[in-house]
$ cat structure_20.pdb   # PDB, C-alpha atoms
ATOM      1  CA  MET A  22     -17.928 -13.538  19.068  1.00  0.00           C
ATOM      2  CA  ASN A  23     -17.341 -16.186  21.661  1.00  0.00           C
ATOM      3  CA  GLU A  24     -15.990 -15.520  25.139  1.00  0.00           C
ATOM      4  CA  HIS A  25     -12.607 -17.141  24.451  1.00  0.00           C
ATOM      5  CA  ILE A  26     -11.923 -14.811  21.507  1.00  0.00           C
ATOM      6  CA  GLN A  27     -13.046 -11.804  23.564  1.00  0.00           C
ATOM      7  CA  ASN A  28     -10.701 -12.808  26.407  1.00  0.00           C
ATOM      8  CA  LEU A  29      -7.768 -13.197  24.028  1.00  0.00           C
ATOM      9  CA  ILE A  30      -8.408  -9.744  22.591  1.00  0.00           C
ATOM     10  CA  GLU A  31      -8.523  -8.247  26.100  1.00  0.00           C
ATOM     11  CA  ILE A  32      -5.294 -10.049  27.040  1.00  0.00           C
ATOM     12  CA  SER A  33      -3.608  -8.677  23.920  1.00  0.00           C
ATOM     13  CA  SER A  34      -3.904  -5.141  25.280  1.00  0.00           C
ATOM     14  CA  TYR A  35      -1.363  -5.803  28.028  1.00  0.00           C
ATOM     15  CA  ARG A  36       0.825  -8.621  26.684  1.00  0.00           C
ATOM     16  CA  SER A  37       1.835 -10.168  23.388  1.00  0.00           C
ATOM     17  CA  LEU A  38      -0.144 -13.205  22.348  1.00  0.00           C
ATOM     18  CA  SER A  39       1.437 -16.578  21.709  1.00  0.00           C
ATOM     19  CA  SER A  40       1.357 -17.761  18.109  1.00  0.00           C
ATOM     20  CA  HIS A  41      -1.409 -20.213  19.036  1.00  0.00           C
ATOM     21  CA  GLU A  42      -3.528 -17.480  20.660  1.00  0.00           C
ATOM     22  CA  GLU A  43      -3.025 -15.200  17.676  1.00  0.00           C
ATOM     23  CA  LYS A  44      -3.967 -18.037  15.326  1.00  0.00           C
ATOM     24  CA  VAL A  45      -7.267 -18.564  17.193  1.00  0.00           C
ATOM     25  CA  ILE A  46      -8.202 -14.903  16.684  1.00  0.00           C
ATOM     26  CA  LEU A  47      -7.057 -14.984  13.049  1.00  0.00           C
ATOM     27  CA  GLU A  48      -9.112 -18.059  12.232  1.00  0.00           C
ATOM     28  CA  TYR A  49     -12.183 -16.496  13.791  1.00  0.00           C
ATOM     29  CA  LEU A  50     -11.742 -13.168  11.978  1.00  0.00           C
ATOM     30  CA  LYS A  51     -11.173 -14.896   8.646  1.00  0.00           C
ATOM     31  CA  SER A  52     -14.364 -16.908   9.133  1.00  0.00           C
ATOM     32  CA  ILE A  53     -16.629 -13.858   9.403  1.00  0.00           C
ATOM     33  CA  PRO A  54     -17.449 -11.133   6.831  1.00  0.00           C
ATOM     34  CA  GLU A  55     -14.696  -8.532   6.442  1.00  0.00           C
ATOM     35  CA  VAL A  56     -16.986  -5.727   7.652  1.00  0.00           C
ATOM     36  CA  GLU A  57     -17.407  -7.528  11.002  1.00  0.00           C
ATOM     37  CA  ALA A  58     -13.699  -8.340  11.179  1.00  0.00           C
ATOM     38  CA  TYR A  59     -12.914  -4.672  10.536  1.00  0.00           C
ATOM     39  CA  GLU A  60     -15.111  -3.587  13.462  1.00  0.00           C
ATOM     40  CA  ILE A  61     -13.399  -6.058  15.801  1.00  0.00           C
ATOM     41  CA  ILE A  62      -9.924  -4.998  14.629  1.00  0.00           C
ATOM     42  CA  LYS A  63     -10.897  -1.341  15.048  1.00  0.00           C
ATOM     43  CA  SER A  64     -11.962  -2.049  18.634  1.00  0.00           C
ATOM     44  CA  MET A  65      -8.650  -3.863  19.162  1.00  0.00           C
ATOM     45  CA  ALA A  66      -6.867  -0.687  18.044  1.00  0.00           C
ATOM     46  CA  GLU A  67      -8.947   1.359  20.480  1.00  0.00           C
ATOM     47  CA  GLN A  68      -8.017  -1.061  23.279  1.00  0.00           C
ATOM     48  CA  LYS A  69      -4.369  -0.669  22.253  1.00  0.00           C
ATOM     49  CA  SER A  70      -4.026  -4.360  21.523  1.00  0.00           C
ATOM     50  CA  LEU A  71      -0.433  -5.273  20.748  1.00  0.00           C
ATOM     51  CA  SER A  72      -1.666  -7.616  17.994  1.00  0.00           C
ATOM     52  CA  THR A  73      -3.858  -5.172  16.078  1.00  0.00           C
ATOM     53  CA  ILE A  74      -1.567  -4.474  13.128  1.00  0.00           C
ATOM     54  CA  VAL A  75      -0.266  -8.044  12.794  1.00  0.00           C
ATOM     55  CA  ILE A  76      -3.828  -9.344  12.640  1.00  0.00           C
ATOM     56  CA  ALA A  77      -5.094  -6.526  10.415  1.00  0.00           C
ATOM     57  CA  LYS A  78      -2.348  -7.270   7.851  1.00  0.00           C
ATOM     58  CA  LYS A  79      -3.589 -10.842   7.553  1.00  0.00           C
ATOM     59  CA  VAL A  80      -7.342 -10.212   7.669  1.00  0.00           C
ATOM     60  CA  LEU A  81      -8.141  -6.925   5.933  1.00  0.00           C
ATOM     61  CA  HIS A  82      -7.812  -7.005   2.159  1.00  0.00           C
ATOM     62  CA  THR A  83     -10.418  -4.538   0.890  1.00  0.00           C
ATOM     63  CA  ARG A  84      -8.929  -1.131   0.142  1.00  0.00           C
ATOM     64  CA  ASP A  85     -11.791   0.645   1.893  1.00  0.00           C
ATOM     65  CA  TYR A  86     -11.294  -1.197   5.200  1.00  0.00           C
ATOM     66  CA  VAL A  87      -7.503  -0.861   5.054  1.00  0.00           C
ATOM     67  CA  THR A  88      -7.904   2.891   4.475  1.00  0.00           C
ATOM     68  CA  LYS A  89     -10.430   3.289   7.295  1.00  0.00           C
ATOM     69  CA  LEU A  90      -8.270   1.388   9.774  1.00  0.00           C
ATOM     70  CA  PHE A  91      -5.144   3.282   8.722  1.00  0.00           C
ATOM     71  CA  LYS A  92      -6.902   6.638   9.211  1.00  0.00           C
ATOM     72  CA  HIS A  93      -8.193   5.524  12.589  1.00  0.00           C
ATOM     73  CA  GLY A  94      -4.818   4.212  13.743  1.00  0.00           C
ATOM     74  CA  ILE A  95      -2.586   6.928  12.356  1.00  0.00           C
ATOM     75  CA  LEU A  96      -4.578   9.655  14.099  1.00  0.00           C
ATOM     76  CA  LYS A  97      -3.958   7.940  17.437  1.00  0.00           C
ATOM     77  CA  SER A  98      -0.322   7.118  16.727  1.00  0.00           C
ATOM     78  CA  ASN A  99       2.729   8.623  18.316  1.00  0.00           C
ATOM     79  CA  ALA A 100       6.133   9.219  16.732  1.00  0.00           C
ATOM     80  CA  GLN A 101       7.113   5.591  17.366  1.00  0.00           C
ATOM     81  CA  SER A 102       3.904   3.706  16.491  1.00  0.00           C
ATOM     82  CA  ILE A 103       3.424   5.591  13.234  1.00  0.00           C
ATOM     83  CA  LYS A 104       6.054   3.279  11.720  1.00  0.00           C
ATOM     84  CA  LEU A 105       3.817   0.259  12.398  1.00  0.00           C
ATOM     85  CA  TRP A 106       0.841   1.944  10.742  1.00  0.00           C
ATOM     86  CA  LEU A 107       2.952   2.844   7.695  1.00  0.00           C
ATOM     87  CA  ASP A 108       4.169  -0.753   7.517  1.00  0.00           C
ATOM     88  CA  PHE A 109       0.535  -1.899   7.536  1.00  0.00           C
ATOM     89  CA  ALA A 110      -0.776   0.523   4.918  1.00  0.00           C
ATOM     90  CA  ILE A 111       1.976   1.070   2.346  1.00  0.00           C
ATOM     91  CA  PRO A 112       2.051  -2.522   1.015  1.00  0.00           C
ATOM     92  CA  LYS A 113      -1.756  -2.581   0.764  1.00  0.00           C
ATOM     93  CA  LEU A 114      -2.492   0.951  -0.486  1.00  0.00           C
ATOM     94  CA  GLY A 115       0.740   2.090  -2.083  1.00  0.00           C
ATOM     95  CA  PHE A 116       3.209   4.779  -1.088  1.00  0.00           C
ATOM     96  CA  LYS A 117       1.488   7.600  -2.999  1.00  0.00           C
ATOM     97  CA  SER A 118      -1.947   6.861  -1.487  1.00  0.00           C
ATOM     98  CA  VAL A 119      -0.551   6.711   2.037  1.00  0.00           C
ATOM     99  CA  VAL A 120       1.294  10.006   1.587  1.00  0.00           C
ATOM    100  CA  LYS A 121      -1.935  11.600   0.309  1.00  0.00           C
ATOM    101  CA  LEU A 122      -3.851  10.312   3.348  1.00  0.00           C
ATOM    102  CA  ILE A 123      -1.186  11.684   5.686  1.00  0.00           C
ATOM    103  CA  GLU A 124      -1.348  15.072   3.979  1.00  0.00           C
ATOM    104  CA  ASP A 125      -5.148  15.091   4.217  1.00  0.00           C
ATOM    105  CA  LEU A 126      -5.151  14.141   7.913  1.00  0.00           C
ATOM    106  CA  ASN A 127      -2.229  16.343   8.975  1.00  0.00           C
ATOM    107  CA  ASN A 128      -2.899  19.377  11.151  1.00  0.00           C
ATOM    108  CA  ASP A 129      -1.105  21.520  13.729  1.00  0.00           C
ATOM    109  CA  SER A 130      -2.111  19.318  16.648  1.00  0.00           C
ATOM    110  CA  ASN A 131      -1.185  15.879  15.259  1.00  0.00           C
ATOM    111  CA  ARG A 132       1.776  16.915  13.036  1.00  0.00           C
ATOM    112  CA  LEU A 133       1.509  13.669  11.084  1.00  0.00           C
ATOM    113  CA  ILE A 134       3.721  14.801   8.231  1.00  0.00           C
ATOM    114  CA  GLU A 135       6.514  15.627  10.640  1.00  0.00           C
ATOM    115  CA  LYS A 136       6.279  12.168  12.263  1.00  0.00           C
ATOM    116  CA  ALA A 137       5.916  10.298   8.968  1.00  0.00           C
ATOM    117  CA  VAL A 138       8.857  11.961   7.205  1.00  0.00           C
ATOM    118  CA  TYR A 139      11.214  10.293   9.665  1.00  0.00           C
ATOM    119  CA  TRP A 140       9.989   6.751   8.865  1.00  0.00           C
ATOM    120  CA  LEU A 141       8.968   6.958   5.202  1.00  0.00           C
ATOM    121  CA  PRO A 142      12.492   6.490   3.739  1.00  0.00           C
ATOM    122  CA  LEU A 143      12.451   2.941   5.144  1.00  0.00           C
ATOM    123  CA  PHE A 144       9.633   2.083   2.742  1.00  0.00           C
ATOM    124  CA  ILE A 145      11.228   3.345  -0.491  1.00  0.00           C
ATOM    125  CA  SER A 146      13.748   1.470  -2.598  1.00  0.00           C
ATOM    126  CA  GLU A 147      16.566   3.463  -4.198  1.00  0.00           C
ATOM    127  CA  LYS A 148      15.031   3.102  -7.664  1.00  0.00           C
ATOM    128  CA  GLU A 149      11.626   4.596  -6.822  1.00  0.00           C
ATOM    129  CA  LYS A 150      12.214   8.149  -8.010  1.00  0.00           C
ATOM    130  CA  ARG A 151       8.545   9.179  -7.783  1.00  0.00           C
ATOM    131  CA  SER A 152       8.356   8.077  -4.159  1.00  0.00           C
ATOM    132  CA  TRP A 153      11.557   9.969  -3.299  1.00  0.00           C
ATOM    133  CA  ASP A 154      10.105  13.051  -5.011  1.00  0.00           C
ATOM    134  CA  LEU A 155       6.912  12.734  -2.939  1.00  0.00           C
ATOM    135  CA  LEU A 156       8.981  12.413   0.220  1.00  0.00           C
ATOM    136  CA  GLU A 157      10.971  15.504  -0.685  1.00  0.00           C
ATOM    137  CA  LYS A 158       7.728  17.484  -1.140  1.00  0.00           C
ATOM    138  CA  LEU A 159       6.617  16.343   2.311  1.00  0.00           C
ATOM    139  CA  ARG A 160       9.947  17.425   3.793  1.00  0.00           C
ATOM    140  CA  GLU A 161       9.466  20.855   2.229  1.00  0.00           C
ATOM    141  CA  LYS A 162       6.046  21.119   3.872  1.00  0.00           C
ATOM    142  CA  VAL A 163       7.622  20.372   7.246  1.00  0.00           C
ATOM    143  CA  LYS A 164      10.269  23.067   6.685  1.00  0.00           C
ATOM    144  CA  CYS A 165       7.649  25.605   5.624  1.00  0.00           C
ATOM    145  CA  SER A 166       5.206  24.984   8.449  1.00  0.00           C
ATOM    146  CA  PRO A 167       5.446  27.262  11.494  1.00  0.00           C
ATOM    147  CA  LEU A 168       6.515  25.464  14.682  1.00  0.00           C
TER     148      LEU A 168
END

$ encode --input "structure_20.pdb" --output "structure tokens"
Amino acid sequence: MNEHIQNLIEISSYRSLSSHEEKVILEYLKSIPEVEAYEIIKSMAEQKSLSTIVIAKKVLHTRDYVTKLFKHGILKSNAQSIKLWLDFAIPKLGFKSVVKLIEDLNNDSNRLIEKAVYWLPLFISEKEKRSWDLLEKLREKVKCSPL
């Protein structure tokens, strides 16, 4: 990775990038193998880059890498940023898969289900009965869990 790309990534941790700056990073990441792009995007997430999810949406296409990045990001998310991670993963993995991942990763310290239940209705259309049923099961888990 050249120095210019590295500098742009560092800058993105404390300010939003211009569309031109973002495009430079995107072009670079699309020009390398997805495994390498994934590692760079993962490090962007660790640096709390403001462009991580926007770039990841456009670069990562393999289910495995999307899942890995989602797991990594969701575990470090707060009640607000979880919405961004859901917005990244649901279109690529599907609602049911994302709910399953959240259930698998949830524990007493991160309380992912509790955070996700607030945002998940935004990602379901009125006609998706199965998704609403899944959401209702999650809500029941929140009600049943000791505080």

$ resolve_selection --input "structure_20.pdb" --expression "the PyMOL selection byres ((chain A and resi 160) around 12)" --output "PDB file with C-alpha atoms, keeping the file's coordinate frame"
ATOM      1  CA  VAL A 120       1.294  10.006   1.587  1.00  0.00           C
ATOM      2  CA  GLU A 124      -1.348  15.072   3.979  1.00  0.00           C
ATOM      3  CA  LEU A 133       1.509  13.669  11.084  1.00  0.00           C
ATOM      4  CA  ILE A 134       3.721  14.801   8.231  1.00  0.00           C
ATOM      5  CA  GLU A 135       6.514  15.627  10.640  1.00  0.00           C
ATOM      6  CA  LYS A 136       6.279  12.168  12.263  1.00  0.00           C
ATOM      7  CA  ALA A 137       5.916  10.298   8.968  1.00  0.00           C
ATOM      8  CA  VAL A 138       8.857  11.961   7.205  1.00  0.00           C
ATOM      9  CA  TYR A 139      11.214  10.293   9.665  1.00  0.00           C
ATOM     10  CA  TRP A 140       9.989   6.751   8.865  1.00  0.00           C
ATOM     11  CA  LEU A 141       8.968   6.958   5.202  1.00  0.00           C
ATOM     12  CA  PRO A 142      12.492   6.490   3.739  1.00  0.00           C
ATOM     13  CA  TRP A 153      11.557   9.969  -3.299  1.00  0.00           C
ATOM     14  CA  ASP A 154      10.105  13.051  -5.011  1.00  0.00           C
ATOM     15  CA  LEU A 155       6.912  12.734  -2.939  1.00  0.00           C
ATOM     16  CA  LEU A 156       8.981  12.413   0.220  1.00  0.00           C
ATOM     17  CA  GLU A 157      10.971  15.504  -0.685  1.00  0.00           C
ATOM     18  CA  LYS A 158       7.728  17.484  -1.140  1.00  0.00           C
ATOM     19  CA  LEU A 159       6.617  16.343   2.311  1.00  0.00           C
ATOM     20  CA  GLU A 161       9.466  20.855   2.229  1.00  0.00           C
ATOM     21  CA  LYS A 162       6.046  21.119   3.872  1.00  0.00           C
ATOM     22  CA  VAL A 163       7.622  20.372   7.246  1.00  0.00           C
ATOM     23  CA  LYS A 164      10.269  23.067   6.685  1.00  0.00           C
ATOM     24  CA  CYS A 165       7.649  25.605   5.624  1.00  0.00           C
ATOM     25  CA  SER A 166       5.206  24.984   8.449  1.00  0.00           C
TER      26      SER A 166
END

$ atom_distance --input "structure_20.pdb" --atom1 "CA of Arg132 in chain A" --atom2 "CA of Asn99 in chain A"
9.9 Å

$ resolve_selection --input "structure_20.pdb" --expression "the PyMOL selection byres ((chain A and resi 54-62) around 9)" --output "VMD selection string"
chain A and resid 49 to 53 63 to 67 73 to 74 76 to 77 80 to 83 86 to 87 89 to 90

$ atom_distance --input "structure_20.pdb" --atom1 "CA of Arg36 in chain A" --atom2 "CA of Phe144 in chain A"
27.7 Å

$ residues_around --input "structure_20.pdb" --residues "Ile111 in chain A" --least-positions-apart "4" --cutoff "10 Å" --atoms "all atoms listed in the file" --output "PyMOL selection string"
chain A and resi 91+106-107+115-120+141+144-145

$ atom_distance --input "structure_20.pdb" --atom1 "CA of Lys148 in chain A" --atom2 "CA of Gln101 in chain A"
26.4 Å

$ axis_aligned_box --input "structure_20.pdb" --around "range 139-156 of chain A" --padding-each-side "4 Å" --output "AutoDock Vina command-line options"
--center_x 11.7 --center_y 7.3 --center_z 0.8 --size_x 17.7 --size_y 19.6 --size_z 25.7

$ resolve_selection --input "structure_20.pdb" --expression "the PyMOL selection byres ((chain A and resi 28-31) around 8)" --output "JSON, numbers by chain"
{"A": [24, 25, 26, 27, 32, 33, 34, 35, 38, 42, 46, 65, 68, 70]}

$ closest_residue --input "structure_20.pdb" --among "A:Ile103, A:Ile95, A:Ser37, A:Ser72" --to "Leu122 in chain A" --atoms "all atoms listed in the file"
A:Ile95

$ closest_residue --input "structure_20.pdb" --among "A:Lys104, A:Lys150, A:Lys92, A:Lys69" --to "Lys121 in chain A" --atoms "all atoms listed in the file"
A:Lys92

$ closest_residue --input "structure_20.pdb" --among "A:Thr88, A:Ser146, A:Ser40, A:Asn128" --to "Phe109 in chain A" --atoms "all atoms listed in the file"
A:Thr88

$ decode --input "structure_20.pdb" --residues "range 99-113 of chain A" --atoms "all heavy atoms" --output "compact mmCIF listing (two decimals), in the first residue's frame"
# COMPACT_ATOMS: atom_id res chain seq x y z
N ASN A 99 -21.47 0.43 19.41
CA ASN A 99 -22.28 0.92 20.52
C ASN A 99 -23.74 0.96 20.04
O ASN A 99 -24.02 0.58 18.91
CB ASN A 99 -21.81 2.30 20.98
CG ASN A 99 -21.83 3.34 19.88
OD1 ASN A 99 -22.71 3.35 19.02
ND2 ASN A 99 -20.84 4.22 19.87
N ALA A 100 -24.62 1.45 20.87
CA ALA A 100 -26.05 1.45 20.53
C ALA A 100 -26.34 2.26 19.28
O ALA A 100 -27.29 1.97 18.56
CB ALA A 100 -26.86 1.97 21.71
N GLN A 101 -25.52 3.26 18.98
CA GLN A 101 -25.74 4.08 17.80
C GLN A 101 -25.10 3.46 16.55
O GLN A 101 -25.73 3.37 15.51
CB GLN A 101 -25.14 5.48 18.04
CG GLN A 101 -25.56 6.52 17.06
CD GLN A 101 -27.03 6.87 17.17
OE1 GLN A 101 -27.59 6.90 18.26
NE2 GLN A 101 -27.67 7.11 16.06
N SER A 102 -23.84 3.04 16.65
CA SER A 102 -23.13 2.55 15.46
C SER A 102 -23.61 1.18 15.00
O SER A 102 -23.36 0.79 13.86
CB SER A 102 -21.62 2.51 15.72
OG SER A 102 -21.29 1.57 16.71
N ILE A 103 -24.33 0.47 15.85
CA ILE A 103 -24.84 -0.84 15.43
C ILE A 103 -25.73 -0.71 14.20
O ILE A 103 -25.75 -1.58 13.34
CB ILE A 103 -25.57 -1.56 16.59
CG1 ILE A 103 -25.74 -3.05 16.26
CG2 ILE A 103 -26.91 -0.93 16.90
CD1 ILE A 103 -26.17 -3.89 17.44
N LYS A 104 -26.43 0.40 14.07
CA LYS A 104 -27.29 0.63 12.91
C LYS A 104 -26.48 0.59 11.62
O LYS A 104 -26.89 0.01 10.61
CB LYS A 104 -28.02 1.96 13.02
CG LYS A 104 -28.90 2.27 11.83
CD LYS A 104 -29.53 3.63 11.93
CE LYS A 104 -30.43 3.85 10.74
NZ LYS A 104 -30.17 5.08 10.05
N LEU A 105 -25.30 1.20 11.63
CA LEU A 105 -24.44 1.22 10.45
C LEU A 105 -23.98 -0.18 10.07
O LEU A 105 -23.92 -0.53 8.90
CB LEU A 105 -23.23 2.13 10.68
CG LEU A 105 -23.56 3.60 10.99
CD1 LEU A 105 -22.30 4.34 11.42
CD2 LEU A 105 -24.20 4.26 9.79
N TRP A 106 -23.66 -0.98 11.09
CA TRP A 106 -23.21 -2.35 10.82
C TRP A 106 -24.36 -3.21 10.29
O TRP A 106 -24.15 -4.04 9.41
CB TRP A 106 -22.59 -2.97 12.07
CG TRP A 106 -21.25 -2.37 12.34
CD1 TRP A 106 -20.92 -1.45 13.30
CD2 TRP A 106 -20.05 -2.58 11.58
NE1 TRP A 106 -19.60 -1.10 13.18
CE2 TRP A 106 -19.04 -1.77 12.15
CE3 TRP A 106 -19.73 -3.37 10.48
CZ2 TRP A 106 -17.74 -1.74 11.65
CZ3 TRP A 106 -18.44 -3.35 9.98
CH2 TRP A 106 -17.46 -2.54 10.57
N LEU A 107 -25.56 -2.99 10.79
CA LEU A 107 -26.73 -3.70 10.26
C LEU A 107 -26.99 -3.30 8.81
O LEU A 107 -27.28 -4.15 7.97
CB LEU A 107 -27.97 -3.40 11.12
CG LEU A 107 -27.95 -3.95 12.55
CD1 LEU A 107 -29.11 -3.39 13.34
CD2 LEU A 107 -27.96 -5.46 12.56
N ASP A 108 -26.84 -2.02 8.53
CA ASP A 108 -27.05 -1.51 7.17
C ASP A 108 -26.01 -2.09 6.20
O ASP A 108 -26.30 -2.31 5.03
CB ASP A 108 -26.97 0.02 7.19
CG ASP A 108 -27.34 0.63 5.85
OD1 ASP A 108 -28.34 0.20 5.26
OD2 ASP A 108 -26.63 1.55 5.42
N PHE A 109 -24.83 -2.37 6.70
CA PHE A 109 -23.78 -3.00 5.88
C PHE A 109 -24.12 -4.47 5.62
O PHE A 109 -24.06 -4.95 4.48
CB PHE A 109 -22.43 -2.88 6.61
CG PHE A 109 -21.37 -3.83 6.11
CD1 PHE A 109 -20.83 -3.69 4.84
CD2 PHE A 109 -20.91 -4.86 6.91
CE1 PHE A 109 -19.85 -4.57 4.37
CE2 PHE A 109 -19.93 -5.73 6.46
CZ PHE A 109 -19.40 -5.59 5.18
N ALA A 110 -24.49 -5.20 6.66
CA ALA A 110 -24.59 -6.65 6.56
C ALA A 110 -25.92 -7.18 6.01
O ALA A 110 -25.92 -8.16 5.26
CB ALA A 110 -24.33 -7.28 7.93
N ILE A 111 -27.02 -6.59 6.38
CA ILE A 111 -28.32 -7.15 5.99
C ILE A 111 -28.48 -7.26 4.47
O ILE A 111 -28.88 -8.32 3.99
CB ILE A 111 -29.49 -6.40 6.67
CG1 ILE A 111 -29.50 -6.73 8.16
CG2 ILE A 111 -30.83 -6.76 6.03
CD1 ILE A 111 -30.48 -5.93 9.00
N PRO A 112 -28.14 -6.23 3.68
CA PRO A 112 -28.29 -6.40 2.23
C PRO A 112 -27.38 -7.47 1.63
O PRO A 112 -27.71 -8.09 0.63
CB PRO A 112 -27.92 -5.02 1.67
CG PRO A 112 -28.06 -4.08 2.81
CD PRO A 112 -27.76 -4.86 4.04
N LYS A 113 -26.24 -7.72 2.27
CA LYS A 113 -25.27 -8.67 1.73
C LYS A 113 -25.47 -10.09 2.25
O LYS A 113 -25.18 -11.05 1.55
CB LYS A 113 -23.85 -8.20 2.03
CG LYS A 113 -23.49 -6.93 1.27
CD LYS A 113 -22.06 -6.52 1.54
CE LYS A 113 -21.65 -5.35 0.71
NZ LYS A 113 -21.33 -5.68 -0.67
